[in-house]
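J.: Provided herewith: query-v4.cif, mmCIF, C-alpha atoms.
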```
data_protein
#
loop_
_atom_site.group_PDB
_atom_site.id
_atom_site.type_symbol
_atom_site.label_atom_id
_atom_site.label_comp_id
_atom_site.auth_asym_id
_atom_site.auth_seq_id
_atom_site.Cartn_x
_atom_site.Cartn_y
_atom_site.Cartn_z
ATOM 1 C CA LEU L 208 206.975 65.443 -31.654
ATOM 2 C CA THR L 209 204.293 68.074 -31.342
ATOM 3 C CA LEU L 210 206.288 70.689 -33.236
ATOM 4 C CA TYR L 211 206.367 68.476 -36.332
ATOM 5 C CA HIS L 212 202.716 67.370 -35.903
ATOM 6 C CA ILE L 213 203.652 63.703 -35.593
ATOM 7 C CA PRO L 214 200.531 62.706 -33.579
ATOM 8 C CA GLN L 215 198.207 64.286 -36.141
ATOM 9 C CA SER L 216 200.050 62.566 -38.991
ATOM 10 C CA VAL L 217 199.889 59.185 -37.257
ATOM 11 C CA GLY L 218 196.202 59.697 -36.478
ATOM 12 C CA ALA L 219 195.436 60.604 -40.075
ATOM 13 C CA PHE L 220 197.373 57.556 -41.282
ATOM 14 C CA LEU L 221 195.600 55.182 -38.893
ATOM 15 C CA GLY L 222 192.245 56.695 -39.835
ATOM 16 C CA SER L 223 192.901 56.403 -43.552
ATOM 17 C CA ILE L 224 193.677 52.681 -43.461
ATOM 18 C CA SER L 225 190.121 51.622 -42.691
ATOM 19 C CA THR L 226 186.694 53.154 -42.177
ATOM 20 C CA ASP L 227 185.533 50.259 -40.018
ATOM 21 C CA PRO L 228 185.480 51.331 -36.339
ATOM 22 C CA THR L 229 186.618 47.927 -35.078
ATOM 23 C CA ILE L 230 189.675 47.806 -37.327
ATOM 24 C CA THR L 231 190.525 51.406 -36.486
ATOM 25 C CA LEU L 232 190.290 50.697 -32.743
ATOM 26 C CA LEU L 233 192.539 47.666 -33.126
ATOM 27 C CA LEU L 234 195.112 49.700 -35.047
ATOM 28 C CA ILE L 235 195.047 52.479 -32.447
ATOM 29 C CA ALA L 236 195.326 49.930 -29.624
ATOM 30 C CA PHE L 237 198.260 48.171 -31.284
ATOM 31 C CA PHE L 238 200.092 51.447 -31.933
ATOM 32 C CA ILE L 239 199.590 52.662 -28.351
ATOM 33 C CA PHE L 240 200.620 49.259 -26.993
ATOM 34 C CA LEU L 241 203.882 49.419 -28.965
ATOM 35 C CA CYS L 242 204.541 52.968 -27.768
ATOM 36 C CA GLY L 243 203.956 51.778 -24.204
ATOM 37 C CA PHE L 244 207.158 49.728 -24.391
ATOM 38 C CA VAL L 245 209.320 52.841 -24.396
ATOM 39 C CA ALA L 246 207.271 55.698 -22.923
ATOM 40 C CA ASP L 247 205.545 56.507 -19.661
ATOM 41 C CA THR L 248 201.752 56.572 -19.559
ATOM 42 C CA LEU L 249 201.386 60.267 -18.736
ATOM 43 C CA ALA L 250 203.767 61.286 -21.511
ATOM 44 C CA MET L 251 201.874 59.130 -23.988
ATOM 45 C CA VAL L 252 198.542 60.624 -23.002
ATOM 46 C CA VAL L 253 199.868 64.151 -23.438
ATOM 47 C CA VAL L 254 201.594 63.525 -26.766
ATOM 48 C CA LEU L 255 199.502 60.805 -28.435
ATOM 49 C CA ALA L 256 195.975 61.797 -27.456
ATOM 50 C CA ARG L 257 195.739 63.689 -30.738
ATOM 51 C CA CYS L 258 196.274 60.443 -32.684
ATOM 52 C CA SER L 259 192.704 59.466 -31.996
ATOM 53 C CA CYS L 260 191.040 62.693 -33.129
ATOM 54 C CA HIS L 261 189.100 60.934 -35.916
ATOM 55 C CA HIS L 262 186.843 59.007 -33.543
ATOM 56 C CA GLU L 263 183.814 61.269 -34.111
ATOM 57 C CA ARG L 264 183.493 60.500 -37.803
ATOM 58 C CA LEU L 265 183.778 56.752 -37.141
ATOM 59 C CA GLY L 266 181.132 56.737 -34.415
ATOM 60 C CA ILE L 267 183.429 55.691 -31.568
ATOM 61 C CA HIS L 268 182.381 56.964 -28.144
ATOM 62 C CA PRO L 269 185.056 59.127 -26.440
ATOM 63 C CA ILE L 270 184.806 57.244 -23.127
ATOM 64 C CA GLN L 271 185.350 53.909 -24.884
ATOM 65 C CA LEU L 272 188.362 55.351 -26.662
ATOM 66 C CA GLY L 273 189.742 56.808 -23.415
ATOM 67 C CA VAL L 274 189.446 53.510 -21.563
ATOM 68 C CA LEU L 275 191.105 51.675 -24.458
ATOM 69 C CA PHE L 276 193.879 54.283 -24.549
ATOM 70 C CA VAL L 277 194.688 54.003 -20.838
ATOM 71 C CA VAL L 278 194.487 50.205 -20.762
ATOM 72 C CA CYS L 279 196.813 49.879 -23.763
ATOM 73 C CA CYS L 280 199.237 52.431 -22.279
ATOM 74 C CA GLU L 281 199.431 50.600 -18.974
ATOM 75 C CA THR L 282 199.635 47.138 -20.549
ATOM 76 C CA GLY L 283 202.457 48.226 -22.807
ATOM 77 C CA PHE L 284 204.266 49.886 -19.925
ATOM 78 C CA LEU L 285 203.996 46.848 -17.645
ATOM 79 C CA THR L 286 205.419 44.327 -20.118
ATOM 80 C CA LEU L 287 208.621 42.401 -19.576
ATOM 81 C CA LEU L 288 210.750 44.764 -21.662
ATOM 82 C CA SER L 289 209.804 47.779 -19.582
ATOM 83 C CA ALA L 290 209.930 45.841 -16.315
ATOM 84 C CA ARG L 291 213.541 44.842 -16.916
ATOM 85 C CA THR L 292 214.676 48.422 -17.528
ATOM 86 C CA CYS L 293 212.861 49.780 -14.468
ATOM 87 C CA SER L 294 213.772 47.107 -11.929
ATOM 88 C CA SER L 295 216.785 47.370 -9.705
ATOM 89 C CA PRO L 296 219.318 44.509 -9.483
#
```
Let me see whether you can do it: turn the structure in this file into structure tokens.

T.:
Amino acid sequence: LTLYHIPQSVGAFLGSISTDPTITLLLIAFFIFLCGFVADTLAMVVVLARCSCHHERLGIHPIQLGVLFVVCCETGFLTLLSARTCSSP
């Protein structure tokens, strides 16, 4: 993913949809939540942290974005779909 600059492309796409910080945060949260279904939180932080590199020009505080990122990662990871694949019979 990082060799082909996928996180930067996704971040540029999400940033180009809207210039409103609220809409951009909702799009980032939704995308990270969907990725949380299939990936571990640490892997998502390492790979997808570059998706949110446009937060400075929108006026979004980095701590707010970090908290949103971690909460969406964990919520996506702890959903029913992921819980069924990780649980033992």

J.: Grab the atom CA of Gln271 of chain L to atom CA of Ala256 of chain L distance for me, in Å with one decimal place.

T.: 13.5 Å

J.: Specify as number ranges by chain each residue included when the PyMOL selection byres ((chain L and resi 226) around 12) is applied to this file.

T.: L: 219-225, 227-232, 234, 261-267

J.: Could those selected residues go to a file with C-alpha atoms, as a PDB file, in the coordinates of the input?

T.:
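The result, stored in again_32.pdb:
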```pdb
ATOM      1  CA  ALA L 219     195.436  60.604 -40.075  1.00  0.00           C
ATOM      2  CA  PHE L 220     197.373  57.556 -41.282  1.00  0.00           C
ATOM      3  CA  LEU L 221     195.600  55.182 -38.893  1.00  0.00           C
ATOM      4  CA  GLY L 222     192.245  56.695 -39.835  1.00  0.00           C
ATOM      5  CA  SER L 223     192.901  56.403 -43.552  1.00  0.00           C
ATOM      6  CA  ILE L 224     193.677  52.681 -43.461  1.00  0.00           C
ATOM      7  CA  SER L 225     190.121  51.622 -42.691  1.00  0.00           C
ATOM      8  CA  ASP L 227     185.533  50.259 -40.018  1.00  0.00           C
ATOM      9  CA  PRO L 228     185.480  51.331 -36.339  1.00  0.00           C
ATOM     10  CA  THR L 229     186.618  47.927 -35.078  1.00  0.00           C
ATOM     11  CA  ILE L 230     189.675  47.806 -37.327  1.00  0.00           C
ATOM     12  CA  THR L 231     190.525  51.406 -36.486  1.00  0.00           C
ATOM     13  CA  LEU L 232     190.290  50.697 -32.743  1.00  0.00           C
ATOM     14  CA  LEU L 234     195.112  49.700 -35.047  1.00  0.00           C
ATOM     15  CA  HIS L 261     189.100  60.934 -35.916  1.00  0.00           C
ATOM     16  CA  HIS L 262     186.843  59.007 -33.543  1.00  0.00           C
ATOM     17  CA  GLU L 263     183.814  61.269 -34.111  1.00  0.00           C
ATOM     18  CA  ARG L 264     183.493  60.500 -37.803  1.00  0.00           C
ATOM     19  CA  LEU L 265     183.778  56.752 -37.141  1.00  0.00           C
ATOM     20  CA  GLY L 266     181.132  56.737 -34.415  1.00  0.00           C
ATOM     21  CA  ILE L 267     183.429  55.691 -31.568  1.00  0.00           C
TER      22      ILE L 267
END
```

J.: Quick one: distance from atom CA of Cys242 of chain L to atom CA of Ser216 of chain L in Å, one decimal?

T.: 15.4 Å

J.: Name all residues at most 10 Å from Val252 of chain L (count all atoms listed in the file; drop same-chain ones fewer than 2 positions away) and give them as a ChimeraX atom specification.

T.: /L:239,247-250,254-258,273,276-277,280

J.: Kindly give the distance, in Å, that separates atom CA of Leu210 of chain L and atom CA of Met251 of chain L, rounded to a single decimal.

T.: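 Computing it gives 15.4 Å between the two atoms.
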
J.: How big is the axis-aligned box around the listed atoms of segment 276-282 of chain L once 6 Å is added on each side, and where is its centre? Give both in Å to one decimal, as lines of an AutoDock Vina configuration file.

T.:
```
center_x = 196.8
center_y = 50.7
center_z = -21.8
size_x = 17.8
size_y = 19.1
size_z = 17.6
```
